[in-house]
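The structure file upload-v1.cif is reproduced below (mmCIF, N, CA and C atoms).
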```cif
data_target
#
loop_
_atom_site.label_atom_id
_atom_site.label_comp_id
_atom_site.auth_asym_id
_atom_site.auth_seq_id
_atom_site.Cartn_x
_atom_site.Cartn_y
_atom_site.Cartn_z
N THR O 4 -4.82 -57.90 21.64
CA THR O 4 -4.32 -56.84 20.79
C THR O 4 -5.29 -56.63 19.62
N ALA O 5 -5.49 -55.38 19.27
CA ALA O 5 -6.37 -55.06 18.16
C ALA O 5 -5.80 -55.61 16.86
N ARG O 6 -6.67 -55.82 15.91
CA ARG O 6 -6.24 -56.30 14.60
C ARG O 6 -5.84 -55.10 13.77
N LEU O 7 -4.57 -54.76 13.88
CA LEU O 7 -4.04 -53.60 13.18
C LEU O 7 -3.16 -54.05 12.02
N PRO O 8 -3.09 -53.27 10.96
CA PRO O 8 -2.17 -53.60 9.87
C PRO O 8 -0.74 -53.70 10.41
N LEU O 9 0.06 -54.52 9.76
CA LEU O 9 1.43 -54.78 10.23
C LEU O 9 2.25 -53.50 10.36
N ASP O 10 2.14 -52.57 9.41
CA ASP O 10 2.94 -51.35 9.50
C ASP O 10 2.53 -50.50 10.70
N VAL O 11 1.25 -50.50 11.02
CA VAL O 11 0.79 -49.75 12.20
C VAL O 11 1.29 -50.42 13.47
N GLN O 12 1.23 -51.75 13.53
CA GLN O 12 1.75 -52.47 14.69
C GLN O 12 3.23 -52.17 14.88
N ARG O 13 3.98 -52.14 13.79
CA ARG O 13 5.43 -51.85 13.89
C ARG O 13 5.66 -50.43 14.39
N ASN O 14 4.89 -49.49 13.87
CA ASN O 14 5.03 -48.10 14.33
C ASN O 14 4.74 -48.00 15.82
N LEU O 15 3.69 -48.65 16.27
CA LEU O 15 3.34 -48.63 17.70
C LEU O 15 4.41 -49.33 18.53
N ASP O 16 4.96 -50.44 18.03
CA ASP O 16 6.05 -51.12 18.74
C ASP O 16 7.27 -50.20 18.87
N ASP O 17 7.57 -49.46 17.81
CA ASP O 17 8.69 -48.51 17.87
C ASP O 17 8.43 -47.48 18.96
N LEU O 18 7.19 -47.00 19.06
CA LEU O 18 6.86 -46.01 20.08
C LEU O 18 6.87 -46.61 21.48
N ARG O 19 6.55 -47.89 21.61
CA ARG O 19 6.49 -48.53 22.93
C ARG O 19 7.85 -48.70 23.59
N TRP O 20 8.92 -48.78 22.82
CA TRP O 20 10.23 -48.96 23.47
C TRP O 20 10.90 -47.63 23.74
N ALA O 21 10.36 -46.53 23.20
CA ALA O 21 10.99 -45.22 23.35
C ALA O 21 10.55 -44.51 24.63
N ASN O 22 11.43 -43.69 25.17
CA ASN O 22 11.01 -42.82 26.28
C ASN O 22 10.96 -41.36 25.82
N SER O 23 11.45 -41.11 24.61
CA SER O 23 11.44 -39.76 24.03
C SER O 23 11.15 -39.87 22.53
N VAL O 24 10.46 -38.85 22.01
CA VAL O 24 10.19 -38.79 20.57
C VAL O 24 10.45 -37.36 20.10
N VAL O 25 11.15 -37.25 18.97
CA VAL O 25 11.44 -35.96 18.38
C VAL O 25 10.82 -35.91 16.99
N PHE O 26 10.02 -34.89 16.74
CA PHE O 26 9.40 -34.67 15.44
C PHE O 26 10.15 -33.54 14.75
N VAL O 27 10.67 -33.83 13.55
CA VAL O 27 11.42 -32.84 12.78
C VAL O 27 10.72 -32.70 11.43
N TYR O 28 10.30 -31.48 11.12
CA TYR O 28 9.55 -31.30 9.88
C TYR O 28 9.50 -29.81 9.50
N PRO O 29 9.24 -29.52 8.22
CA PRO O 29 9.01 -28.14 7.82
C PRO O 29 7.53 -27.80 8.06
N THR O 30 7.26 -26.63 8.59
CA THR O 30 5.88 -26.20 8.76
C THR O 30 5.38 -25.63 7.44
N TRP O 31 4.28 -26.20 6.97
CA TRP O 31 3.65 -25.75 5.73
C TRP O 31 2.25 -25.28 6.06
N TRP O 32 1.93 -24.08 5.67
CA TRP O 32 0.60 -23.52 5.93
C TRP O 32 0.25 -23.63 7.41
N PHE O 33 1.24 -23.36 8.26
CA PHE O 33 1.07 -23.33 9.72
C PHE O 33 0.67 -24.69 10.29
N ASN O 34 1.06 -25.76 9.64
CA ASN O 34 0.68 -27.09 10.12
C ASN O 34 1.76 -28.10 9.73
N VAL O 35 1.57 -29.33 10.21
CA VAL O 35 2.48 -30.41 9.85
C VAL O 35 2.23 -30.81 8.40
N PRO O 36 3.24 -31.32 7.71
CA PRO O 36 3.03 -31.82 6.35
C PRO O 36 2.03 -32.99 6.35
N ALA O 37 1.38 -33.18 5.23
CA ALA O 37 0.35 -34.21 5.10
C ALA O 37 0.87 -35.60 5.47
N MET O 38 2.10 -35.90 5.13
CA MET O 38 2.63 -37.24 5.43
C MET O 38 2.72 -37.47 6.95
N LEU O 39 3.14 -36.45 7.70
CA LEU O 39 3.21 -36.59 9.15
C LEU O 39 1.80 -36.67 9.74
N LYS O 40 0.88 -35.86 9.23
CA LYS O 40 -0.51 -35.94 9.69
C LYS O 40 -1.08 -37.33 9.41
N GLY O 41 -0.77 -37.88 8.26
CA GLY O 41 -1.21 -39.23 7.93
C GLY O 41 -0.64 -40.27 8.89
N TYR O 42 0.62 -40.11 9.27
CA TYR O 42 1.24 -41.01 10.25
C TYR O 42 0.49 -40.94 11.58
N PHE O 43 0.19 -39.72 12.03
CA PHE O 43 -0.57 -39.58 13.28
C PHE O 43 -1.93 -40.27 13.17
N ASP O 44 -2.64 -39.99 12.09
CA ASP O 44 -3.99 -40.54 11.91
C ASP O 44 -3.97 -42.07 11.82
N ARG O 45 -2.98 -42.61 11.17
CA ARG O 45 -2.94 -44.06 10.95
C ARG O 45 -2.38 -44.81 12.16
N THR O 46 -1.41 -44.22 12.85
CA THR O 46 -0.71 -44.92 13.93
C THR O 46 -1.32 -44.69 15.31
N LEU O 47 -1.73 -43.50 15.60
CA LEU O 47 -2.21 -43.19 16.95
C LEU O 47 -3.71 -43.50 17.05
N VAL O 48 -3.99 -44.79 17.01
CA VAL O 48 -5.37 -45.29 16.97
C VAL O 48 -5.83 -45.74 18.36
N PRO O 49 -7.15 -45.76 18.57
CA PRO O 49 -7.68 -46.18 19.87
C PRO O 49 -7.79 -47.70 19.98
N GLY O 50 -7.94 -48.15 21.20
CA GLY O 50 -8.24 -49.55 21.47
C GLY O 50 -7.05 -50.32 22.00
N PRO O 51 -7.29 -51.54 22.43
CA PRO O 51 -6.21 -52.39 22.92
C PRO O 51 -5.11 -52.52 21.86
N GLY O 52 -3.89 -52.29 22.26
CA GLY O 52 -2.78 -52.34 21.33
C GLY O 52 -2.54 -51.04 20.60
N GLY O 53 -3.43 -50.06 20.81
CA GLY O 53 -3.29 -48.77 20.15
C GLY O 53 -2.56 -47.77 21.01
N ALA O 54 -2.74 -46.49 20.68
CA ALA O 54 -2.05 -45.41 21.40
C ALA O 54 -2.86 -44.90 22.58
N PHE O 55 -4.17 -45.09 22.55
CA PHE O 55 -5.03 -44.65 23.63
C PHE O 55 -6.29 -45.51 23.64
N ASP O 56 -7.04 -45.39 24.70
CA ASP O 56 -8.30 -46.13 24.78
C ASP O 56 -9.36 -45.20 25.38
N PHE O 57 -10.58 -45.64 25.31
CA PHE O 57 -11.68 -44.90 25.90
C PHE O 57 -11.85 -45.37 27.34
N PRO O 58 -12.17 -44.47 28.25
CA PRO O 58 -12.24 -44.86 29.66
C PRO O 58 -13.47 -45.71 29.95
N PRO O 59 -13.41 -46.48 31.03
CA PRO O 59 -14.59 -47.22 31.47
C PRO O 59 -15.64 -46.21 31.98
N PRO O 60 -16.86 -46.66 32.19
CA PRO O 60 -17.90 -45.75 32.68
C PRO O 60 -17.50 -44.95 33.92
N SER O 61 -16.65 -45.54 34.76
CA SER O 61 -16.21 -44.84 35.97
C SER O 61 -15.28 -43.66 35.65
N GLY O 62 -14.69 -43.66 34.44
CA GLY O 62 -13.75 -42.62 34.06
C GLY O 62 -12.35 -42.85 34.58
N LYS O 63 -12.15 -43.96 35.30
CA LYS O 63 -10.85 -44.24 35.92
C LYS O 63 -9.75 -44.36 34.84
N GLY O 64 -8.65 -43.68 35.11
CA GLY O 64 -7.50 -43.74 34.22
C GLY O 64 -7.52 -42.72 33.10
N ALA O 65 -8.59 -41.94 33.02
CA ALA O 65 -8.69 -40.97 31.93
C ALA O 65 -7.81 -39.75 32.20
N ALA O 66 -7.22 -39.25 31.14
CA ALA O 66 -6.44 -38.01 31.21
C ALA O 66 -7.40 -36.82 31.13
N SER O 67 -6.85 -35.63 31.16
CA SER O 67 -7.68 -34.42 31.14
C SER O 67 -8.51 -34.30 29.86
N ASN O 68 -8.08 -34.98 28.79
CA ASN O 68 -8.84 -34.94 27.54
C ASN O 68 -9.93 -36.02 27.49
N GLY O 69 -10.06 -36.80 28.57
CA GLY O 69 -11.09 -37.82 28.64
C GLY O 69 -10.67 -39.18 28.10
N LEU O 70 -9.48 -39.30 27.57
CA LEU O 70 -9.00 -40.56 27.02
C LEU O 70 -7.97 -41.19 27.95
N VAL O 71 -7.71 -42.47 27.76
CA VAL O 71 -6.73 -43.20 28.56
C VAL O 71 -5.48 -43.40 27.70
N PRO O 72 -4.37 -42.73 28.02
CA PRO O 72 -3.15 -42.88 27.23
C PRO O 72 -2.55 -44.27 27.43
N LEU O 73 -2.07 -44.87 26.34
CA LEU O 73 -1.47 -46.20 26.41
C LEU O 73 0.02 -46.21 26.07
N LEU O 74 0.57 -45.07 25.70
CA LEU O 74 2.00 -44.97 25.41
C LEU O 74 2.69 -44.18 26.52
N THR O 75 2.43 -44.59 27.75
CA THR O 75 2.91 -43.83 28.91
C THR O 75 4.41 -44.00 29.16
N ASN O 76 5.06 -44.81 28.38
CA ASN O 76 6.52 -44.93 28.45
C ASN O 76 7.21 -43.69 27.89
N ILE O 77 6.52 -42.93 27.07
CA ILE O 77 7.10 -41.73 26.46
C ILE O 77 6.92 -40.57 27.43
N GLU O 78 8.05 -40.06 27.91
CA GLU O 78 8.05 -39.03 28.95
C GLU O 78 8.45 -37.65 28.45
N ARG O 79 8.92 -37.56 27.22
CA ARG O 79 9.27 -36.26 26.68
C ARG O 79 9.21 -36.30 25.16
N ILE O 80 8.75 -35.19 24.62
CA ILE O 80 8.70 -35.04 23.18
C ILE O 80 9.30 -33.69 22.83
N ALA O 81 9.72 -33.59 21.59
CA ALA O 81 10.26 -32.33 21.10
C ALA O 81 9.88 -32.17 19.64
N GLY O 82 9.84 -30.93 19.22
CA GLY O 82 9.62 -30.62 17.82
C GLY O 82 10.69 -29.67 17.34
N VAL O 83 11.13 -29.92 16.13
CA VAL O 83 12.08 -29.02 15.46
C VAL O 83 11.46 -28.72 14.11
N SER O 84 11.22 -27.43 13.86
CA SER O 84 10.55 -27.09 12.62
C SER O 84 11.06 -25.79 12.05
N THR O 85 10.95 -25.67 10.74
CA THR O 85 11.23 -24.42 10.05
C THR O 85 9.89 -23.83 9.61
N TYR O 86 9.84 -22.51 9.61
CA TYR O 86 8.63 -21.77 9.25
C TYR O 86 9.00 -20.73 8.20
N GLY O 87 8.18 -20.59 7.18
CA GLY O 87 8.40 -19.52 6.22
C GLY O 87 8.02 -18.17 6.81
N ALA O 88 7.05 -18.17 7.70
CA ALA O 88 6.54 -16.92 8.29
C ALA O 88 7.36 -16.53 9.51
N PRO O 89 7.32 -15.24 9.84
CA PRO O 89 7.93 -14.80 11.10
C PRO O 89 7.17 -15.38 12.29
N ARG O 90 7.82 -15.41 13.44
CA ARG O 90 7.22 -16.04 14.63
C ARG O 90 5.87 -15.43 15.00
N HIS O 91 5.75 -14.12 14.96
CA HIS O 91 4.50 -13.49 15.37
C HIS O 91 3.34 -13.87 14.44
N ILE O 92 3.62 -14.07 13.17
CA ILE O 92 2.57 -14.49 12.23
C ILE O 92 2.19 -15.94 12.49
N ALA O 93 3.18 -16.80 12.73
CA ALA O 93 2.88 -18.20 13.07
C ALA O 93 2.02 -18.26 14.33
N PHE O 94 2.34 -17.43 15.32
CA PHE O 94 1.58 -17.39 16.56
C PHE O 94 0.14 -16.95 16.29
N LEU O 95 -0.03 -15.86 15.53
CA LEU O 95 -1.37 -15.36 15.23
C LEU O 95 -2.19 -16.35 14.42
N ALA O 96 -1.53 -17.15 13.59
CA ALA O 96 -2.22 -18.15 12.77
C ALA O 96 -2.54 -19.43 13.56
N GLY O 97 -2.09 -19.50 14.81
CA GLY O 97 -2.41 -20.64 15.66
C GLY O 97 -1.34 -21.70 15.75
N ASP O 98 -0.32 -21.62 14.92
CA ASP O 98 0.77 -22.60 14.93
C ASP O 98 0.22 -24.00 15.15
N ASN O 99 -0.64 -24.42 14.24
CA ASN O 99 -1.40 -25.67 14.39
C ASN O 99 -0.54 -26.92 14.54
N GLY O 100 0.57 -26.99 13.83
CA GLY O 100 1.43 -28.17 13.96
C GLY O 100 1.97 -28.30 15.37
N ARG O 101 2.50 -27.21 15.88
CA ARG O 101 3.03 -27.21 17.24
C ARG O 101 1.92 -27.54 18.24
N ASN O 102 0.77 -26.93 18.10
CA ASN O 102 -0.34 -27.20 19.02
C ASN O 102 -0.83 -28.63 18.92
N THR O 103 -0.88 -29.18 17.73
CA THR O 103 -1.30 -30.58 17.57
C THR O 103 -0.37 -31.51 18.34
N ILE O 104 0.92 -31.31 18.17
CA ILE O 104 1.89 -32.19 18.83
C ILE O 104 1.89 -31.94 20.34
N ALA O 105 1.87 -30.69 20.76
CA ALA O 105 1.97 -30.36 22.19
C ALA O 105 0.71 -30.70 22.97
N THR O 106 -0.42 -30.83 22.31
CA THR O 106 -1.67 -31.12 23.04
C THR O 106 -2.24 -32.48 22.64
N ALA O 107 -2.72 -32.60 21.42
CA ALA O 107 -3.41 -33.84 21.01
C ALA O 107 -2.48 -35.05 20.99
N ILE O 108 -1.30 -34.91 20.42
CA ILE O 108 -0.38 -36.05 20.33
C ILE O 108 0.20 -36.37 21.71
N ARG O 109 0.59 -35.35 22.44
CA ARG O 109 1.19 -35.57 23.77
C ARG O 109 0.23 -36.26 24.72
N ALA O 110 -1.07 -36.11 24.51
CA ALA O 110 -2.05 -36.74 25.40
C ALA O 110 -2.01 -38.27 25.35
N ASN O 111 -1.37 -38.85 24.34
CA ASN O 111 -1.23 -40.30 24.24
C ASN O 111 -0.08 -40.84 25.09
N PHE O 112 0.71 -39.94 25.65
CA PHE O 112 1.93 -40.30 26.35
C PHE O 112 1.77 -40.16 27.85
N ALA O 113 2.85 -40.27 28.59
CA ALA O 113 2.82 -40.19 30.05
C ALA O 113 2.17 -38.89 30.50
N PRO O 114 1.42 -38.93 31.59
CA PRO O 114 0.76 -37.70 32.07
C PRO O 114 1.74 -36.57 32.35
N HIS O 115 2.95 -36.90 32.72
CA HIS O 115 3.97 -35.89 33.03
C HIS O 115 4.89 -35.60 31.83
N CYS O 116 4.51 -36.05 30.64
CA CYS O 116 5.32 -35.86 29.44
C CYS O 116 5.56 -34.37 29.17
N THR O 117 6.82 -34.03 28.98
CA THR O 117 7.18 -32.64 28.68
C THR O 117 7.30 -32.44 27.17
N CYS O 118 7.24 -31.19 26.76
CA CYS O 118 7.34 -30.86 25.34
C CYS O 118 8.32 -29.71 25.16
N ARG O 119 9.29 -29.90 24.31
CA ARG O 119 10.29 -28.88 23.98
C ARG O 119 10.11 -28.50 22.52
N TRP O 120 10.23 -27.22 22.19
CA TRP O 120 10.01 -26.80 20.81
C TRP O 120 11.14 -25.90 20.34
N LEU O 121 11.68 -26.19 19.16
CA LEU O 121 12.71 -25.38 18.54
C LEU O 121 12.25 -25.03 17.13
N GLY O 122 12.06 -23.75 16.87
CA GLY O 122 11.60 -23.33 15.56
C GLY O 122 12.51 -22.28 14.95
N LEU O 123 12.72 -22.41 13.66
CA LEU O 123 13.43 -21.39 12.90
C LEU O 123 12.38 -20.67 12.06
N TYR O 124 12.08 -19.46 12.45
CA TYR O 124 11.01 -18.68 11.81
C TYR O 124 11.58 -17.78 10.72
N GLY O 125 10.73 -17.42 9.76
CA GLY O 125 11.18 -16.57 8.66
C GLY O 125 12.27 -17.22 7.85
N MET O 126 12.15 -18.53 7.66
CA MET O 126 13.20 -19.32 7.01
C MET O 126 13.63 -18.73 5.67
N ASP O 127 12.68 -18.22 4.91
CA ASP O 127 12.99 -17.73 3.56
C ASP O 127 13.94 -16.53 3.57
N SER O 128 14.00 -15.82 4.68
CA SER O 128 14.87 -14.64 4.73
C SER O 128 16.04 -14.79 5.70
N GLN O 129 16.26 -15.99 6.19
CA GLN O 129 17.38 -16.23 7.12
C GLN O 129 18.70 -16.28 6.37
N THR O 130 19.73 -15.74 6.99
CA THR O 130 21.07 -15.80 6.41
C THR O 130 21.67 -17.17 6.69
N GLU O 131 22.71 -17.50 5.98
CA GLU O 131 23.41 -18.75 6.24
C GLU O 131 23.93 -18.79 7.67
N GLU O 132 24.39 -17.65 8.15
CA GLU O 132 24.88 -17.55 9.53
C GLU O 132 23.77 -17.88 10.53
N ASN O 133 22.57 -17.35 10.32
CA ASN O 133 21.45 -17.64 11.22
C ASN O 133 21.01 -19.11 11.15
N ARG O 134 21.01 -19.66 9.95
CA ARG O 134 20.64 -21.08 9.80
C ARG O 134 21.66 -21.97 10.50
N THR O 135 22.92 -21.64 10.35
CA THR O 135 23.99 -22.40 11.00
C THR O 135 23.87 -22.28 12.53
N ALA O 136 23.58 -21.09 13.01
CA ALA O 136 23.41 -20.88 14.46
C ALA O 136 22.22 -21.68 14.98
N PHE O 137 21.13 -21.74 14.21
CA PHE O 137 19.98 -22.53 14.63
C PHE O 137 20.34 -24.02 14.71
N LEU O 138 21.04 -24.52 13.72
CA LEU O 138 21.46 -25.93 13.75
C LEU O 138 22.34 -26.22 14.97
N GLU O 139 23.22 -25.31 15.30
CA GLU O 139 24.07 -25.48 16.48
C GLU O 139 23.22 -25.47 17.75
N HIS O 140 22.22 -24.60 17.79
CA HIS O 140 21.29 -24.56 18.93
C HIS O 140 20.55 -25.89 19.07
N VAL O 141 20.11 -26.46 17.96
CA VAL O 141 19.44 -27.77 17.99
C VAL O 141 20.41 -28.82 18.52
N ARG O 142 21.63 -28.85 17.99
CA ARG O 142 22.63 -29.82 18.44
C ARG O 142 22.87 -29.74 19.94
N THR O 143 23.14 -28.53 20.43
CA THR O 143 23.46 -28.40 21.85
C THR O 143 22.25 -28.67 22.73
N THR O 144 21.07 -28.31 22.27
CA THR O 144 19.86 -28.60 23.06
C THR O 144 19.71 -30.10 23.27
N PHE O 145 19.82 -30.86 22.20
CA PHE O 145 19.62 -32.31 22.34
C PHE O 145 20.80 -33.00 22.99
N ARG O 146 21.96 -32.46 22.83
CA ARG O 146 23.14 -33.05 23.48
C ARG O 146 23.14 -32.75 24.98
N ASP O 147 22.76 -31.53 25.37
CA ASP O 147 22.97 -31.09 26.74
C ASP O 147 21.72 -31.08 27.64
N THR O 148 20.54 -30.86 27.06
CA THR O 148 19.39 -30.64 27.93
C THR O 148 18.16 -31.49 27.64
N PHE O 149 18.18 -32.28 26.59
CA PHE O 149 16.98 -33.05 26.29
C PHE O 149 17.10 -34.46 26.81
#
```

Encoding of this model in C-alpha cells:
Amino acid sequence: TARLPLDVQRNLDDLRWANSVVFVYPTWWFNVPAMLKGYFDRTLVPGPGGAFDFPPPSGKGAASNGLVPLLTNIERIAGVSTYGAPRHIAFLAGDNGRNTIATAIRANFAPHCTCRWLGLYGMDSQTEENRTAFLEHVRTTFRDTF
C-alpha cells in the first residue's frame, strides 16, 4: 500500500466498501466547489492503494482513458446539484462539474459504472413550489430507481 496520509487512506477505505456514490453540491461558476475539487485531488490518487494506477507497458487492464481503475467496486454514481444559471447556459458553459464527475471521476470506478444526474437550474428564480417538486424528484429517484 502506498504511504498515504491517514485521512486519505480513510477516504479511500470509505470508497472501497461502497458500490454507489452520490455527490451533492451547489454548482458555482459552472463547476464543483473548491472543497469538493480538493477532495478529488487529494483522495483520488494514483498508485497501489490509490484510486487508479498506470498500466504496465503491455497496456493490460487500462480503461479508455489509459489508466487502470482501482475502485471497481463502485458501479454507479449520481450527482445532485443546484445551478444559478438556466440549463441552456450551463450546457453552453460546459457544465464542468458534471463533466468532471461523469468522465474523469467515473473513470476510477467499474468499467460499467453508470452515472445519473439531477440538477435544479435557475435556482435563483425558482419558486418554493418548484424547489419542493425538485426535492421530491430527488427523493423518489433514489428511493425507486437508483

Would you please extract all helix (DSSP H, G or I) residues from chain O, as assigned by DSSP on the backbone, and give them as a ChimeraX atom specification? /O:9-20,37-46,90-95,99-111,126-128,131-147

Among the residues O:Trp120, O:Thr143, O:Pro8, O:Arg13, the one that comes closest to Val83 in chain O [using all atoms listed in the file]: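 When distances to Val83 in chain O are compared using all atoms listed in the file, the smallest one comes from O:Trp120.
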
Could you give me, as a short mmCIF file (atom, residue, chain, number, x, y, z; two decimals) with N, CA and C atoms, in the coordinates of the input, the residues within 12 Å of Pro49 in chain O, counting only C-alpha atoms and dropping anything in the same chain fewer than 3 positions from it?
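Output file part.cif is given in full below:
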```
data_model
loop_
_atom_site.label_atom_id
_atom_site.label_comp_id
_atom_site.auth_asym_id
_atom_site.auth_seq_id
_atom_site.Cartn_x
_atom_site.Cartn_y
_atom_site.Cartn_z
N THR O 4 -4.82 -57.90 21.64
CA THR O 4 -4.32 -56.84 20.79
C THR O 4 -5.29 -56.63 19.62
N ALA O 5 -5.49 -55.38 19.27
CA ALA O 5 -6.37 -55.06 18.16
C ALA O 5 -5.80 -55.61 16.86
N ARG O 6 -6.67 -55.82 15.91
CA ARG O 6 -6.24 -56.30 14.60
C ARG O 6 -5.84 -55.10 13.77
N LEU O 7 -4.57 -54.76 13.88
CA LEU O 7 -4.04 -53.60 13.18
C LEU O 7 -3.16 -54.05 12.02
N VAL O 11 1.25 -50.50 11.02
CA VAL O 11 0.79 -49.75 12.20
C VAL O 11 1.29 -50.42 13.47
N LEU O 15 3.69 -48.65 16.27
CA LEU O 15 3.34 -48.63 17.70
C LEU O 15 4.41 -49.33 18.53
N PHE O 43 0.19 -39.72 12.03
CA PHE O 43 -0.57 -39.58 13.28
C PHE O 43 -1.93 -40.27 13.17
N ASP O 44 -2.64 -39.99 12.09
CA ASP O 44 -3.99 -40.54 11.91
C ASP O 44 -3.97 -42.07 11.82
N ARG O 45 -2.98 -42.61 11.17
CA ARG O 45 -2.94 -44.06 10.95
C ARG O 45 -2.38 -44.81 12.16
N THR O 46 -1.41 -44.22 12.85
CA THR O 46 -0.71 -44.92 13.93
C THR O 46 -1.32 -44.69 15.31
N GLY O 52 -3.89 -52.29 22.26
CA GLY O 52 -2.78 -52.34 21.33
C GLY O 52 -2.54 -51.04 20.60
N GLY O 53 -3.43 -50.06 20.81
CA GLY O 53 -3.29 -48.77 20.15
C GLY O 53 -2.56 -47.77 21.01
N ALA O 54 -2.74 -46.49 20.68
CA ALA O 54 -2.05 -45.41 21.40
C ALA O 54 -2.86 -44.90 22.58
N PHE O 55 -4.17 -45.09 22.55
CA PHE O 55 -5.03 -44.65 23.63
C PHE O 55 -6.29 -45.51 23.64
N ASP O 56 -7.04 -45.39 24.70
CA ASP O 56 -8.30 -46.13 24.78
C ASP O 56 -9.36 -45.20 25.38
N PHE O 57 -10.58 -45.64 25.31
CA PHE O 57 -11.68 -44.90 25.90
C PHE O 57 -11.85 -45.37 27.34
N PRO O 58 -12.17 -44.47 28.25
CA PRO O 58 -12.24 -44.86 29.66
C PRO O 58 -13.47 -45.71 29.95
N LEU O 70 -9.48 -39.30 27.57
CA LEU O 70 -9.00 -40.56 27.02
C LEU O 70 -7.97 -41.19 27.95
N VAL O 71 -7.71 -42.47 27.76
CA VAL O 71 -6.73 -43.20 28.56
C VAL O 71 -5.48 -43.40 27.70
N PRO O 72 -4.37 -42.73 28.02
CA PRO O 72 -3.15 -42.88 27.23
C PRO O 72 -2.55 -44.27 27.43
N LEU O 73 -2.07 -44.87 26.34
CA LEU O 73 -1.47 -46.20 26.41
C LEU O 73 0.02 -46.21 26.07
N LEU O 74 0.57 -45.07 25.70
CA LEU O 74 2.00 -44.97 25.41
C LEU O 74 2.69 -44.18 26.52
N ASN O 111 -1.37 -38.85 24.34
CA ASN O 111 -1.23 -40.30 24.24
C ASN O 111 -0.08 -40.84 25.09
#
```

Target residues per the PyMOL selection byres (((chain O and resi 113 and name CA) around 9) and name CA), formatted as an MDAnalysis selection string: chainID O and resid 72:79 109:112 114:117

Could you pull out all residues of chain O with a DSSP call of strand (DSSP E or B) and give them as a ChimeraX atom specification? /O:23-29,31,34,49,55-56,71-72,74,79-85,112,117-123

Export N, CA and C atoms of the chosen residues as a short mmCIF file (atom, residue, chain, number, x, y, z; two decimals), in the frame of the given file?
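Output below, filename selection.cif:
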```cif
data_model
loop_
_atom_site.label_atom_id
_atom_site.label_comp_id
_atom_site.auth_asym_id
_atom_site.auth_seq_id
_atom_site.Cartn_x
_atom_site.Cartn_y
_atom_site.Cartn_z
N SER O 23 11.45 -41.11 24.61
CA SER O 23 11.44 -39.76 24.03
C SER O 23 11.15 -39.87 22.53
N VAL O 24 10.46 -38.85 22.01
CA VAL O 24 10.19 -38.79 20.57
C VAL O 24 10.45 -37.36 20.10
N VAL O 25 11.15 -37.25 18.97
CA VAL O 25 11.44 -35.96 18.38
C VAL O 25 10.82 -35.91 16.99
N PHE O 26 10.02 -34.89 16.74
CA PHE O 26 9.40 -34.67 15.44
C PHE O 26 10.15 -33.54 14.75
N VAL O 27 10.67 -33.83 13.55
CA VAL O 27 11.42 -32.84 12.78
C VAL O 27 10.72 -32.70 11.43
N TYR O 28 10.30 -31.48 11.12
CA TYR O 28 9.55 -31.30 9.88
C TYR O 28 9.50 -29.81 9.50
N PRO O 29 9.24 -29.52 8.22
CA PRO O 29 9.01 -28.14 7.82
C PRO O 29 7.53 -27.80 8.06
N TRP O 31 4.28 -26.20 6.97
CA TRP O 31 3.65 -25.75 5.73
C TRP O 31 2.25 -25.28 6.06
N ASN O 34 1.06 -25.76 9.64
CA ASN O 34 0.68 -27.09 10.12
C ASN O 34 1.76 -28.10 9.73
N PRO O 49 -7.15 -45.76 18.57
CA PRO O 49 -7.68 -46.18 19.87
C PRO O 49 -7.79 -47.70 19.98
N PHE O 55 -4.17 -45.09 22.55
CA PHE O 55 -5.03 -44.65 23.63
C PHE O 55 -6.29 -45.51 23.64
N ASP O 56 -7.04 -45.39 24.70
CA ASP O 56 -8.30 -46.13 24.78
C ASP O 56 -9.36 -45.20 25.38
N VAL O 71 -7.71 -42.47 27.76
CA VAL O 71 -6.73 -43.20 28.56
C VAL O 71 -5.48 -43.40 27.70
N PRO O 72 -4.37 -42.73 28.02
CA PRO O 72 -3.15 -42.88 27.23
C PRO O 72 -2.55 -44.27 27.43
N LEU O 74 0.57 -45.07 25.70
CA LEU O 74 2.00 -44.97 25.41
C LEU O 74 2.69 -44.18 26.52
N ARG O 79 8.92 -37.56 27.22
CA ARG O 79 9.27 -36.26 26.68
C ARG O 79 9.21 -36.30 25.16
N ILE O 80 8.75 -35.19 24.62
CA ILE O 80 8.70 -35.04 23.18
C ILE O 80 9.30 -33.69 22.83
N ALA O 81 9.72 -33.59 21.59
CA ALA O 81 10.26 -32.33 21.10
C ALA O 81 9.88 -32.17 19.64
N GLY O 82 9.84 -30.93 19.22
CA GLY O 82 9.62 -30.62 17.82
C GLY O 82 10.69 -29.67 17.34
N VAL O 83 11.13 -29.92 16.13
CA VAL O 83 12.08 -29.02 15.46
C VAL O 83 11.46 -28.72 14.11
N SER O 84 11.22 -27.43 13.86
CA SER O 84 10.55 -27.09 12.62
C SER O 84 11.06 -25.79 12.05
N THR O 85 10.95 -25.67 10.74
CA THR O 85 11.23 -24.42 10.05
C THR O 85 9.89 -23.83 9.61
N PHE O 112 0.71 -39.94 25.65
CA PHE O 112 1.93 -40.30 26.35
C PHE O 112 1.77 -40.16 27.85
N THR O 117 6.82 -34.03 28.98
CA THR O 117 7.18 -32.64 28.68
C THR O 117 7.30 -32.44 27.17
N CYS O 118 7.24 -31.19 26.76
CA CYS O 118 7.34 -30.86 25.34
C CYS O 118 8.32 -29.71 25.16
N ARG O 119 9.29 -29.90 24.31
CA ARG O 119 10.29 -28.88 23.98
C ARG O 119 10.11 -28.50 22.52
N TRP O 120 10.23 -27.22 22.19
CA TRP O 120 10.01 -26.80 20.81
C TRP O 120 11.14 -25.90 20.34
N LEU O 121 11.68 -26.19 19.16
CA LEU O 121 12.71 -25.38 18.54
C LEU O 121 12.25 -25.03 17.13
N GLY O 122 12.06 -23.75 16.87
CA GLY O 122 11.60 -23.33 15.56
C GLY O 122 12.51 -22.28 14.95
N LEU O 123 12.72 -22.41 13.66
CA LEU O 123 13.43 -21.39 12.90
C LEU O 123 12.38 -20.67 12.06
#
```

Name all residues at most 10 Å from Ser128 in chain O (count only C-alpha atoms; drop same-chain ones fewer than 5 positions away) and give them as a PyMOL selection string. chain O and resi 87-89+133

For those residues, write N, CA and C atoms to a file as a short mmCIF file (atom, residue, chain, number, x, y, z; two decimals), in the frame of the given file.
```
data_model
loop_
_atom_site.label_atom_id
_atom_site.label_comp_id
_atom_site.auth_asym_id
_atom_site.auth_seq_id
_atom_site.Cartn_x
_atom_site.Cartn_y
_atom_site.Cartn_z
N GLY O 87 8.18 -20.59 7.18
CA GLY O 87 8.40 -19.52 6.22
C GLY O 87 8.02 -18.17 6.81
N ALA O 88 7.05 -18.17 7.70
CA ALA O 88 6.54 -16.92 8.29
C ALA O 88 7.36 -16.53 9.51
N PRO O 89 7.32 -15.24 9.84
CA PRO O 89 7.93 -14.80 11.10
C PRO O 89 7.17 -15.38 12.29
N ASN O 133 22.57 -17.35 10.32
CA ASN O 133 21.45 -17.64 11.22
C ASN O 133 21.01 -19.11 11.15
#
```
